[in-house]
Amino acid sequence: MIKINTLFPFKLYFYGSIDSTNNECKRLALKGIEEALVIANSQYAGKGRLSRSFFSPKNSGLYMSLLLRPTFSADKSAAVTTAAAVAVSLAIDEISGKNSMIKWVNDIYVENRKICGILAESGFSQNNSALNYIILGIGINLCKPEDDFPEDIKDKAGYLFDKKSLSKEEKLDIAKLIIDRFLKIYNDIENKDYMNIYRQKSLLYGKKVSFEKNGQRFCGIVEYINDNAEIIINANGEKFFLFAGEVSLEF
């Protein structure tokens with residue numbers, strides 16, 4: 001058992017290899033485990049957003065998931081993703097000395113390369129009326145993979161440290177730092193002050209992006225991200241408010 005603070009004790013599960021840390025948290029949730037932290041050295045079925053896979057080779061990354069038992073209502077659960085993005089970005093800056101940026105909604109970039117992805121999944125009670133749990137998955141590329149990145153992500157994926165791997169203890173220290181930064185926001189999730197940091201760290205502000213809306217493709221300039229994490233895009237004078245989905249930088 002590790003304790004980040006007296007409010008949130010997490011039972012720690014550390015695996016050499018696992019299908020997905022998010023999947024393991026789901027299994028723990030169904031067993032009635034309260035809060036838990038699952039860390040793996042590699043994943044063979046790592047999960048990303050929009051049903052994508054997350055490349056999770058051995059030794060090179062930190063792959064972790066938190067099982068949370070929130071007391072707030074389901075309508076506030078979306079804030080967990082943006083809160084985590086701020087926490088991870090701050091922690092990455094601290095451990096690496098680099099300036100990380102957040103690509104809406106939940107990717108962390110360093111030097112224009114993606115080094116972290118975040119995936120939050122919610123579970124509800126049997127009558128689907130109450131929020132039962134939230135699983136917060138975080139995958140960070142700490143070191144260059146032994147066999148490099150796959151061709152389809154090689155041009156956009158990056159890593160933090162120029163070393164072959166980090167020890168289990170080093171990874172656990174990074175996980176603790178991320179959790180500490182996250183809990184400071186999560187324990188007061190209704191306070192939206194963290195969104196000011198999210199906006200300051202936005203990779204997309206003032207940039208031209210493309211996006212899909214109602215089956216059509218548009219291009220526009222990112223003007224703002226509000227406290228509800230909606231991104232506001234001006235496409236030839238027409239304003240679009242996107243709460244979910246994906247936008248791509250146009251170069």
# chains A, B, ... in the order shown; residues from 1 in each chain; ligands from 1
>>> residues_around(residues="A:Ser167", least_positions_apart="5", cutoff="12 Å", atoms="only C-alpha atoms", output="list in words")
Asn41, Lys58, Asn59, Ser60, Gly61, Leu62, Leu142, Cys143, Leu172, Asp173 and Ile174 of chain A
>>> write_last_selection(atoms="C-alpha atoms", output="short mmCIF file (atom, residue, chain, number, x, y, z; two decimals), in the first residue's frame")
data_model
loop_
_atom_site.label_atom_id
_atom_site.label_comp_id
_atom_site.auth_asym_id
_atom_site.auth_seq_id
_atom_site.Cartn_x
_atom_site.Cartn_y
_atom_site.Cartn_z
CA ASN A 41 6.37 -2.52 -17.69
CA LYS A 58 8.82 -3.23 -22.51
CA ASN A 59 11.18 -1.03 -20.47
CA SER A 60 10.69 2.21 -22.38
CA GLY A 61 7.50 3.68 -20.89
CA LEU A 62 5.38 4.32 -17.82
CA LEU A 142 10.10 7.77 -21.14
CA CYS A 143 12.87 6.30 -23.32
CA LEU A 172 7.22 4.64 -9.27
CA ASP A 173 8.69 8.02 -8.27
CA ILE A 174 7.35 9.56 -11.49
#
>>> residues_around(residues="A:Glu190", least_positions_apart="2", cutoff="12 Å", atoms="only C-alpha atoms", output="ChimeraX atom specification")
/A:71-73,75-80,83,184-188,192-195,227-228
>>> closest_residue(among="A:Ser56, A:Asn127, A:Thr82, A:Asn234", to="A:Pro150", atoms="only C-alpha atoms")
A:Ser56
>>> residues_around(residues="A:Leu68", least_positions_apart="3", cutoff="10 Å", atoms="only C-alpha atoms", output="compact mmCIF listing (two decimals) with N, CA, C and O atoms, in the first residue's frame")
# COMPACT_ATOMS: atom_id res chain seq x y z
N PHE A 8 -6.38 9.83 0.03
CA PHE A 8 -6.47 8.86 -1.06
C PHE A 8 -5.40 7.77 -0.95
O PHE A 8 -4.31 7.93 -1.47
N PHE A 10 -3.96 4.33 -2.24
CA PHE A 10 -4.08 3.50 -3.43
C PHE A 10 -3.36 2.17 -3.20
O PHE A 10 -2.20 2.17 -2.78
N CYS A 25 -7.71 -2.38 -14.11
CA CYS A 25 -8.47 -1.56 -13.17
C CYS A 25 -9.96 -1.89 -13.23
O CYS A 25 -10.65 -1.90 -12.20
N ALA A 29 -12.19 -3.11 -10.18
CA ALA A 29 -13.42 -2.41 -9.82
C ALA A 29 -14.58 -3.39 -9.64
O ALA A 29 -15.37 -3.28 -8.70
N ILE A 33 -12.71 -3.59 -5.34
CA ILE A 33 -11.56 -2.83 -4.85
C ILE A 33 -11.89 -1.34 -4.91
O ILE A 33 -12.52 -0.88 -5.86
N GLU A 34 -11.47 -0.61 -3.90
CA GLU A 34 -11.75 0.83 -3.90
C GLU A 34 -10.74 1.54 -4.81
O GLU A 34 -10.72 1.30 -5.99
N GLU A 35 -9.88 2.38 -4.28
CA GLU A 35 -8.89 3.07 -5.12
C GLU A 35 -7.67 2.18 -5.34
O GLU A 35 -7.20 1.51 -4.41
N ALA A 36 -7.15 2.18 -6.56
CA ALA A 36 -5.99 1.35 -6.87
C ALA A 36 -5.13 2.01 -7.94
O ALA A 36 -5.63 2.81 -8.75
N LEU A 37 -3.85 1.67 -7.92
CA LEU A 37 -2.91 2.12 -8.93
C LEU A 37 -2.30 0.89 -9.59
O LEU A 37 -1.72 0.03 -8.90
N SER A 65 -2.58 3.15 -14.59
CA SER A 65 -3.99 3.49 -14.51
C SER A 65 -4.40 3.63 -13.05
O SER A 65 -3.95 2.86 -12.20
N THR A 71 -17.05 10.84 -5.83
CA THR A 71 -18.29 11.16 -5.11
C THR A 71 -19.11 12.21 -5.85
O THR A 71 -20.22 12.52 -5.45
N SER A 122 -15.37 5.54 -17.74
CA SER A 122 -16.29 5.58 -16.61
C SER A 122 -17.14 4.32 -16.54
O SER A 122 -17.46 3.72 -17.56
N ASN A 132 -20.08 4.98 -10.84
CA ASN A 132 -19.52 3.97 -9.94
C ASN A 132 -18.00 4.10 -9.82
O ASN A 132 -17.44 4.03 -8.73
N TYR A 133 -17.33 4.28 -10.94
CA TYR A 133 -15.89 4.43 -10.92
C TYR A 133 -15.42 5.19 -12.16
O TYR A 133 -16.13 5.29 -13.16
N ILE A 134 -14.22 5.72 -12.06
CA ILE A 134 -13.51 6.28 -13.22
C ILE A 134 -12.14 5.63 -13.25
O ILE A 134 -11.47 5.50 -12.22
N ILE A 135 -11.75 5.18 -14.43
CA ILE A 135 -10.41 4.64 -14.62
C ILE A 135 -9.63 5.63 -15.47
O ILE A 135 -10.04 5.98 -16.57
N LEU A 136 -8.52 6.07 -14.93
CA LEU A 136 -7.69 7.08 -15.60
C LEU A 136 -6.39 6.42 -16.05
O LEU A 136 -5.54 6.07 -15.23
>>> select_by_dssp(residues="stretch 90-224 of chain A", states="strand (DSSP E)", output="PyMOL selection string")
chain A and resi 101-103+107-110+113-124+131-141+208-213+216-224
>>> closest_residue(among="A:Asp107, A:Glu170, A:Asp19, A:Glu146", to="A:Glu246", atoms="only C-alpha atoms")
A:Asp107
>>> closest_residue(among="A:Leu177, A:Ile138, A:Val105, A:Ala244", to="A:Leu204", atoms="only C-alpha atoms")
A:Val105
>>> atom_distance(atom1="atom CA of A:Arg199", atom2="atom CA of A:Ile108")
13.1 Å
>>> select_by_dssp(residues="stretch 76-235 of chain A", states="helix (DSSP H, G or I)", output="CSV table (one decimal) with all heavy atoms, in the first residue's frame")
chain,number,residue,atom,x,y,z
A,76,LYS,N,-19.7,15.7,-14.2
A,76,LYS,CA,-18.3,16.3,-13.9
A,76,LYS,C,-17.2,15.3,-14.3
A,76,LYS,O,-16.0,15.7,-14.2
A,76,LYS,CB,-18.2,16.7,-12.5
A,76,LYS,CG,-19.2,17.7,-12.0
A,76,LYS,CD,-19.1,18.1,-10.6
A,76,LYS,CE,-20.0,19.2,-10.2
A,76,LYS,NZ,-21.4,18.8,-10.3
A,79,ALA,N,-14.2,16.3,-16.7
A,79,ALA,CA,-13.2,17.2,-16.2
A,79,ALA,C,-11.9,16.4,-15.7
A,79,ALA,O,-10.8,17.0,-15.7
A,79,ALA,CB,-13.7,18.0,-15.0
A,80,VAL,N,-12.1,15.1,-15.4
A,80,VAL,CA,-11.0,14.3,-15.0
A,80,VAL,C,-9.9,14.2,-16.0
A,80,VAL,O,-8.7,14.3,-15.7
A,80,VAL,CB,-11.5,12.9,-14.6
A,80,VAL,CG1,-10.3,12.0,-14.3
A,80,VAL,CG2,-12.4,13.0,-13.3
A,81,THR,N,-10.3,14.1,-17.3
A,81,THR,CA,-9.3,14.0,-18.4
A,81,THR,C,-8.5,15.3,-18.5
A,81,THR,O,-7.2,15.2,-18.6
A,81,THR,CB,-10.0,13.8,-19.7
A,81,THR,OG1,-10.8,12.6,-19.6
A,81,THR,CG2,-9.0,13.7,-20.9
A,82,THR,N,-9.1,16.5,-18.5
A,82,THR,CA,-8.3,17.7,-18.6
A,82,THR,C,-7.5,18.0,-17.3
A,82,THR,O,-6.4,18.5,-17.4
A,82,THR,CB,-9.3,18.9,-18.8
A,82,THR,OG1,-10.4,18.9,-18.0
A,82,THR,CG2,-9.8,18.9,-20.3
A,83,ALA,N,-8.0,17.6,-16.2
A,83,ALA,CA,-7.3,17.7,-14.9
A,83,ALA,C,-6.0,16.9,-15.0
A,83,ALA,O,-4.9,17.3,-14.6
A,83,ALA,CB,-8.1,17.3,-13.7
A,84,ALA,N,-6.2,15.7,-15.5
A,84,ALA,CA,-5.0,14.8,-15.6
A,84,ALA,C,-4.0,15.3,-16.6
A,84,ALA,O,-2.8,15.2,-16.4
A,84,ALA,CB,-5.5,13.4,-16.1
A,85,ALA,N,-4.5,15.9,-17.7
A,85,ALA,CA,-3.5,16.5,-18.7
A,85,ALA,C,-2.7,17.6,-18.1
A,85,ALA,O,-1.5,17.6,-18.3
A,85,ALA,CB,-4.3,17.0,-19.9
A,86,VAL,N,-3.3,18.4,-17.2
A,86,VAL,CA,-2.5,19.5,-16.6
A,86,VAL,C,-1.5,18.8,-15.6
A,86,VAL,O,-0.4,19.2,-15.5
A,86,VAL,CB,-3.5,20.4,-15.8
A,86,VAL,CG1,-2.7,21.3,-14.9
A,86,VAL,CG2,-4.3,21.2,-16.8
A,87,ALA,N,-2.0,17.9,-14.8
A,87,ALA,CA,-1.1,17.2,-13.8
A,87,ALA,C,0.1,16.6,-14.5
A,87,ALA,O,1.2,16.7,-14.0
A,87,ALA,CB,-1.9,16.2,-13.0
A,88,VAL,N,-0.2,15.8,-15.5
A,88,VAL,CA,0.9,15.1,-16.2
A,88,VAL,C,1.9,16.1,-16.8
A,88,VAL,O,3.1,15.9,-16.8
A,88,VAL,CB,0.4,14.2,-17.3
A,88,VAL,CG1,1.5,13.6,-18.1
A,88,VAL,CG2,-0.4,13.0,-16.6
A,89,SER,N,1.4,17.1,-17.5
A,89,SER,CA,2.2,18.1,-18.1
A,89,SER,C,3.1,18.8,-17.1
A,89,SER,O,4.4,19.0,-17.3
A,89,SER,CB,1.4,19.2,-18.8
A,89,SER,OG,2.2,20.1,-19.5
A,90,LEU,N,2.6,19.2,-15.9
A,90,LEU,CA,3.4,19.8,-14.9
A,90,LEU,C,4.5,18.9,-14.3
A,90,LEU,O,5.6,19.2,-14.1
A,90,LEU,CB,2.5,20.3,-13.7
A,90,LEU,CG,1.5,21.4,-14.0
A,90,LEU,CD1,0.6,21.7,-12.9
A,90,LEU,CD2,2.3,22.7,-14.3
A,91,ALA,N,4.1,17.6,-14.2
A,91,ALA,CA,5.0,16.6,-13.7
A,91,ALA,C,6.1,16.4,-14.7
A,91,ALA,O,7.3,16.2,-14.3
A,91,ALA,CB,4.3,15.3,-13.3
A,92,ILE,N,5.8,16.3,-15.9
A,92,ILE,CA,6.8,16.1,-17.0
A,92,ILE,C,7.8,17.2,-17.0
A,92,ILE,O,9.0,17.0,-17.1
A,92,ILE,CB,6.1,15.9,-18.4
A,92,ILE,CG1,5.5,14.5,-18.5
A,92,ILE,CG2,7.1,16.1,-19.5
A,92,ILE,CD1,4.7,14.2,-19.7
A,93,ASP,N,7.3,18.4,-16.9
A,93,ASP,CA,8.2,19.6,-16.9
A,93,ASP,C,9.2,19.5,-15.7
A,93,ASP,O,10.4,19.8,-15.8
A,93,ASP,CB,7.4,20.9,-16.7
A,93,ASP,CG,6.6,21.2,-18.0
A,93,ASP,OD1,6.7,20.5,-19.0
A,93,ASP,OD2,5.8,22.2,-17.9
A,94,GLU,N,8.7,19.0,-14.6
A,94,GLU,CA,9.5,19.0,-13.4
A,94,GLU,C,10.6,17.9,-13.5
A,94,GLU,O,11.7,18.1,-13.1
A,94,GLU,CB,8.6,18.7,-12.1
A,94,GLU,CG,9.3,18.8,-10.8
A,94,GLU,CD,8.4,18.8,-9.6
A,94,GLU,OE1,7.2,19.2,-9.8
A,94,GLU,OE2,8.8,18.4,-8.5
A,95,ILE,N,10.2,16.7,-14.0
A,95,ILE,CA,11.2,15.6,-14.1
A,95,ILE,C,12.2,15.7,-15.2
A,95,ILE,O,13.2,15.2,-15.2
A,95,ILE,CB,10.5,14.3,-14.1
A,95,ILE,CG1,9.7,14.1,-15.4
A,95,ILE,CG2,9.6,14.1,-12.9
A,95,ILE,CD1,9.1,12.7,-15.6
A,96,SER,N,11.8,16.5,-16.3
A,96,SER,CA,12.6,16.5,-17.5
A,96,SER,C,13.3,17.8,-17.7
A,96,SER,O,14.3,17.9,-18.5
A,96,SER,CB,11.8,16.1,-18.7
A,96,SER,OG,10.8,17.2,-19.0
A,168,LYS,N,12.3,0.3,-12.0
A,168,LYS,CA,10.9,0.2,-11.4
A,168,LYS,C,10.8,1.3,-10.3
A,168,LYS,O,9.7,2.0,-10.3
A,168,LYS,CB,10.7,-1.1,-10.7
A,168,LYS,CG,9.4,-1.3,-10.0
A,168,LYS,CD,9.3,-2.7,-9.4
A,168,LYS,CE,8.0,-2.8,-8.5
A,168,LYS,NZ,7.9,-4.1,-7.9
A,169,GLU,N,11.8,1.6,-9.5
A,169,GLU,CA,11.7,2.6,-8.5
A,169,GLU,C,11.6,4.0,-9.1
A,169,GLU,O,10.9,4.8,-8.6
A,169,GLU,CB,13.0,2.5,-7.6
A,169,GLU,CG,13.0,1.3,-6.7
A,169,GLU,CD,13.3,0.0,-7.5
A,169,GLU,OE1,13.9,0.1,-8.6
A,169,GLU,OE2,13.0,-1.1,-7.0
A,170,GLU,N,12.4,4.2,-10.2
A,170,GLU,CA,12.3,5.5,-10.9
A,170,GLU,C,10.9,5.8,-11.5
A,170,GLU,O,10.4,6.9,-11.4
A,170,GLU,CB,13.4,5.6,-12.0
A,170,GLU,CG,14.8,5.7,-11.5
A,170,GLU,CD,15.8,5.7,-12.6
A,170,GLU,OE1,15.7,4.8,-13.4
A,170,GLU,OE2,16.7,6.5,-12.6
A,171,LYS,N,10.3,4.7,-12.1
A,171,LYS,CA,9.0,4.8,-12.6
A,171,LYS,C,8.0,5.1,-11.5
A,171,LYS,O,7.0,5.9,-11.7
A,171,LYS,CB,8.6,3.6,-13.4
A,171,LYS,CG,9.4,3.4,-14.7
A,171,LYS,CD,9.0,2.2,-15.4
A,171,LYS,CE,9.8,2.0,-16.7
A,171,LYS,NZ,9.3,0.8,-17.5
A,172,LEU,N,8.1,4.4,-10.4
A,172,LEU,CA,7.2,4.6,-9.3
A,172,LEU,C,7.3,6.1,-8.7
A,172,LEU,O,6.3,6.7,-8.4
A,172,LEU,CB,7.5,3.6,-8.2
A,172,LEU,CG,6.5,3.6,-7.0
A,172,LEU,CD1,5.1,3.4,-7.5
A,172,LEU,CD2,6.9,2.5,-6.0
A,173,ASP,N,8.5,6.6,-8.7
A,173,ASP,CA,8.7,8.0,-8.3
A,173,ASP,C,8.0,9.0,-9.2
A,173,ASP,O,7.3,10.0,-8.8
A,173,ASP,CB,10.2,8.4,-8.2
A,173,ASP,CG,10.9,7.8,-7.0
A,173,ASP,OD1,10.2,7.4,-6.0
A,173,ASP,OD2,12.1,7.7,-7.0
A,174,ILE,N,8.0,8.7,-10.5
A,174,ILE,CA,7.3,9.6,-11.5
A,174,ILE,C,5.8,9.4,-11.3
A,174,ILE,O,5.1,10.4,-11.3
A,174,ILE,CB,7.8,9.2,-12.9
A,174,ILE,CG1,9.2,9.5,-13.1
A,174,ILE,CG2,6.9,9.9,-13.9
A,174,ILE,CD1,9.8,9.0,-14.4
A,175,ALA,N,5.4,8.2,-11.1
A,175,ALA,CA,4.0,7.9,-10.9
A,175,ALA,C,3.5,8.7,-9.7
A,175,ALA,O,2.4,9.3,-9.7
A,175,ALA,CB,3.7,6.4,-10.8
A,176,LYS,N,4.2,8.7,-8.6
A,176,LYS,CA,3.9,9.4,-7.4
A,176,LYS,C,3.7,10.9,-7.6
A,176,LYS,O,2.8,11.5,-7.1
A,176,LYS,CB,4.9,9.1,-6.3
A,176,LYS,CG,4.9,7.7,-5.7
A,176,LYS,CD,6.0,7.6,-4.6
A,176,LYS,CE,6.0,6.2,-4.0
A,176,LYS,NZ,7.0,6.1,-3.0
A,177,LEU,N,4.7,11.4,-8.4
A,177,LEU,CA,4.6,12.9,-8.6
A,177,LEU,C,3.4,13.2,-9.4
A,177,LEU,O,2.7,14.2,-9.2
A,177,LEU,CB,5.9,13.3,-9.4
A,177,LEU,CG,6.0,14.8,-9.8
A,177,LEU,CD1,6.0,15.6,-8.5
A,177,LEU,CD2,7.3,15.0,-10.6
A,178,ILE,N,3.1,12.4,-10.5
A,178,ILE,CA,1.9,12.7,-11.3
A,178,ILE,C,0.6,12.6,-10.4
A,178,ILE,O,-0.2,13.5,-10.5
A,178,ILE,CB,1.8,11.6,-12.4
A,178,ILE,CG1,2.9,11.9,-13.5
A,178,ILE,CG2,0.4,11.7,-13.1
A,178,ILE,CD1,3.1,10.8,-14.5
A,179,ILE,N,0.6,11.6,-9.6
A,179,ILE,CA,-0.6,11.4,-8.7
A,179,ILE,C,-0.8,12.6,-7.8
A,179,ILE,O,-1.9,13.1,-7.5
A,179,ILE,CB,-0.6,10.1,-8.0
A,179,ILE,CG1,-0.7,8.9,-9.0
A,179,ILE,CG2,-1.7,10.0,-6.9
A,179,ILE,CD1,-0.4,7.6,-8.4
A,180,ASP,N,0.3,13.0,-7.2
A,180,ASP,CA,0.3,14.1,-6.3
A,180,ASP,C,-0.2,15.4,-7.0
A,180,ASP,O,-1.1,16.1,-6.4
A,180,ASP,CB,1.7,14.4,-5.7
A,180,ASP,CG,1.7,15.5,-4.7
A,180,ASP,OD1,1.0,15.4,-3.7
A,180,ASP,OD2,2.5,16.5,-4.9
A,181,ARG,N,0.3,15.7,-8.2
A,181,ARG,CA,-0.2,16.8,-8.9
A,181,ARG,C,-1.7,16.7,-9.3
A,181,ARG,O,-2.5,17.6,-9.3
A,181,ARG,CB,0.6,17.0,-10.2
A,181,ARG,CG,2.1,17.3,-10.0
A,181,ARG,CD,2.3,18.7,-9.4
A,181,ARG,NE,3.7,18.9,-9.1
A,181,ARG,CZ,4.3,18.6,-7.9
A,181,ARG,NH1,3.6,18.0,-6.9
A,181,ARG,NH2,5.6,18.8,-7.7
A,182,PHE,N,-2.1,15.5,-9.7
A,182,PHE,CA,-3.4,15.2,-10.1
A,182,PHE,C,-4.4,15.4,-8.9
A,182,PHE,O,-5.5,16.0,-9.0
A,182,PHE,CB,-3.6,13.8,-10.7
A,182,PHE,CG,-5.0,13.4,-10.9
A,182,PHE,CD1,-5.7,13.9,-11.9
A,182,PHE,CD2,-5.6,12.4,-10.1
A,182,PHE,CE1,-7.0,13.6,-12.2
A,182,PHE,CE2,-6.9,12.0,-10.4
A,182,PHE,CZ,-7.6,12.6,-11.4
A,183,LEU,N,-4.1,14.8,-7.7
A,183,LEU,CA,-5.0,14.8,-6.6
A,183,LEU,C,-5.2,16.2,-6.1
A,183,LEU,O,-6.3,16.5,-5.6
A,183,LEU,CB,-4.5,13.9,-5.5
A,183,LEU,CG,-4.5,12.4,-5.8
A,183,LEU,CD1,-3.9,11.7,-4.6
A,183,LEU,CD2,-5.9,12.0,-6.1
A,184,LYS,N,-4.2,17.1,-6.3
A,184,LYS,CA,-4.4,18.5,-5.8
A,184,LYS,C,-5.6,19.1,-6.6
A,184,LYS,O,-6.3,20.0,-6.1
A,184,LYS,CB,-3.2,19.3,-6.0
A,184,LYS,CG,-2.1,18.9,-5.0
A,184,LYS,CD,-0.8,19.7,-5.2
A,184,LYS,CE,0.2,19.3,-4.1
A,184,LYS,NZ,1.6,19.9,-4.4
A,185,ILE,N,-5.8,18.7,-7.9
A,185,ILE,CA,-6.8,19.2,-8.7
A,185,ILE,C,-8.1,18.4,-8.5
A,185,ILE,O,-9.2,18.9,-8.3
A,185,ILE,CB,-6.5,19.2,-10.2
A,185,ILE,CG1,-5.2,20.0,-10.5
A,185,ILE,CG2,-7.6,19.7,-11.1
A,185,ILE,CD1,-4.7,19.8,-11.9
A,186,TYR,N,-8.0,17.1,-8.5
A,186,TYR,CA,-9.1,16.2,-8.4
A,186,TYR,C,-9.9,16.4,-7.1
A,186,TYR,O,-11.1,16.3,-7.1
A,186,TYR,CB,-8.6,14.7,-8.5
A,186,TYR,CG,-9.7,13.7,-8.3
A,186,TYR,CD1,-10.4,13.3,-9.4
A,186,TYR,CD2,-9.8,13.0,-7.1
A,186,TYR,CE1,-11.4,12.3,-9.3
A,186,TYR,CE2,-10.8,12.0,-7.0
A,186,TYR,CZ,-11.6,11.7,-8.1
A,186,TYR,OH,-12.5,10.7,-8.0
A,194,TYR,N,-7.5,25.2,-12.6
A,194,TYR,CA,-6.5,24.5,-13.4
A,194,TYR,C,-6.7,24.7,-14.9
A,194,TYR,O,-5.7,24.4,-15.7
A,194,TYR,CB,-6.6,23.0,-13.1
A,194,TYR,CG,-7.9,22.3,-13.5
A,194,TYR,CD1,-7.9,21.7,-14.8
A,194,TYR,CD2,-9.0,22.3,-12.8
A,194,TYR,CE1,-9.0,21.0,-15.2
A,194,TYR,CE2,-10.2,21.6,-13.2
A,194,TYR,CZ,-10.2,21.0,-14.4
A,194,TYR,OH,-11.3,20.4,-14.9
A,195,MET,N,-7.9,25.1,-15.3
A,195,MET,CA,-8.1,25.3,-16.8
A,195,MET,C,-7.2,26.5,-17.3
A,195,MET,O,-7.0,26.6,-18.5
A,195,MET,CB,-9.6,25.5,-17.1
A,195,MET,CG,-10.4,24.3,-17.0
A,195,MET,SD,-9.8,23.0,-18.2
A,195,MET,CE,-10.0,23.8,-19.8
A,196,ASN,N,-6.9,27.4,-16.4
A,196,ASN,CA,-6.0,28.5,-16.8
A,196,ASN,C,-4.6,27.9,-17.2
A,196,ASN,O,-4.0,28.4,-18.2
A,196,ASN,CB,-5.8,29.5,-15.7
A,196,ASN,CG,-7.0,30.3,-15.4
A,196,ASN,OD1,-7.8,30.6,-16.3
A,196,ASN,ND2,-7.3,30.6,-14.1
A,197,ILE,N,-4.1,26.9,-16.5
A,197,ILE,CA,-2.9,26.3,-16.8
A,197,ILE,C,-3.1,25.5,-18.1
A,197,ILE,O,-2.2,25.5,-19.0
A,197,ILE,CB,-2.4,25.3,-15.7
A,197,ILE,CG1,-2.2,26.1,-14.4
A,197,ILE,CG2,-1.1,24.6,-16.1
A,197,ILE,CD1,-1.9,25.2,-13.2
A,198,TYR,N,-4.2,24.8,-18.3
A,198,TYR,CA,-4.5,24.1,-19.5
A,198,TYR,C,-4.4,25.0,-20.7
A,198,TYR,O,-3.8,24.6,-21.7
A,198,TYR,CB,-5.9,23.4,-19.4
A,198,TYR,CG,-6.3,22.5,-20.5
A,198,TYR,CD1,-6.1,21.1,-20.3
A,198,TYR,CD2,-6.8,22.9,-21.7
A,198,TYR,CE1,-6.4,20.2,-21.3
A,198,TYR,CE2,-7.1,22.0,-22.7
A,198,TYR,CZ,-6.9,20.7,-22.5
A,198,TYR,OH,-7.2,19.8,-23.5
A,199,ARG,N,-5.0,26.2,-20.6
A,199,ARG,CA,-5.0,27.1,-21.7
A,199,ARG,C,-3.6,27.6,-22.0
A,199,ARG,O,-3.2,27.7,-23.2
A,199,ARG,CB,-5.9,28.3,-21.4
A,199,ARG,CG,-7.4,27.9,-21.6
A,199,ARG,CD,-8.3,29.2,-21.4
A,199,ARG,NE,-8.5,29.5,-20.0
A,199,ARG,CZ,-9.5,29.0,-19.3
A,199,ARG,NH1,-10.5,28.3,-19.9
A,199,ARG,NH2,-9.7,29.4,-18.1
A,200,GLN,N,-2.8,27.9,-20.9
A,200,GLN,CA,-1.5,28.4,-21.1
A,200,GLN,C,-0.6,27.4,-21.8
A,200,GLN,O,0.3,27.7,-22.5
A,200,GLN,CB,-0.9,28.7,-19.7
A,200,GLN,CG,-1.5,30.0,-19.1
A,200,GLN,CD,-1.1,30.1,-17.6
A,200,GLN,OE1,-0.2,29.4,-17.1
A,200,GLN,NE2,-1.8,31.0,-16.9
>>> residues_around(residues="A:Ser202", least_positions_apart="6", cutoff="9 Å", atoms="only C-alpha atoms", output="list in words")
Met101, Ile102, Lys103, Trp104 and Ile225 of chain A
>>> write_last_selection(atoms="N, CA, C and O atoms", output="PDB file, in the first residue's frame")
ATOM      1  N   MET A 101       3.560  20.610 -23.749  1.00  0.00           N
ATOM      2  CA  MET A 101       2.349  21.291 -24.181  1.00  0.00           C
ATOM      3  C   MET A 101       1.200  20.280 -24.273  1.00  0.00           C
ATOM      4  O   MET A 101       1.440  19.074 -24.446  1.00  0.00           O
ATOM      5  N   ILE A 102      -0.021  20.786 -24.174  1.00  0.00           N
ATOM      6  CA  ILE A 102      -1.201  19.919 -24.216  1.00  0.00           C
ATOM      7  C   ILE A 102      -1.917  20.103 -25.548  1.00  0.00           C
ATOM      8  O   ILE A 102      -2.287  21.219 -25.914  1.00  0.00           O
ATOM      9  N   LYS A 103      -2.081  19.012 -26.265  1.00  0.00           N
ATOM     10  CA  LYS A 103      -2.882  19.030 -27.488  1.00  0.00           C
ATOM     11  C   LYS A 103      -4.275  18.541 -27.131  1.00  0.00           C
ATOM     12  O   LYS A 103      -4.445  17.421 -26.676  1.00  0.00           O
ATOM     13  N   TRP A 104      -5.238  19.412 -27.312  1.00  0.00           N
ATOM     14  CA  TRP A 104      -6.628  19.097 -26.971  1.00  0.00           C
ATOM     15  C   TRP A 104      -7.030  17.760 -27.558  1.00  0.00           C
ATOM     16  O   TRP A 104      -6.753  17.482 -28.715  1.00  0.00           O
ATOM     17  N   ILE A 225     -10.252  27.948 -25.470  1.00  0.00           N
ATOM     18  CA  ILE A 225     -10.728  26.726 -24.822  1.00  0.00           C
ATOM     19  C   ILE A 225     -11.383  27.171 -23.526  1.00  0.00           C
ATOM     20  O   ILE A 225     -10.727  27.779 -22.668  1.00  0.00           O
TER      21      ILE A 225
END
>>> closest_residue(among="A:Gly139, A:Pro145, A:Gly237, A:Gly158", to="A:Met64", atoms="only C-alpha atoms")
A:Gly139
>>> residues_around(residues="A:Tyr205", least_positions_apart="2", cutoff="8 Å", atoms="only C-alpha atoms", output="list in words")
Arg199, Ser202, Leu203, Lys207, Ile221, Val222, Glu223 and Tyr224 of chain A
>>> closest_residue(among="A:Cys116, A:Ile140, A:Leu160, A:Val209", to="A:Tyr63", atoms="only C-alpha atoms")
A:Ile140
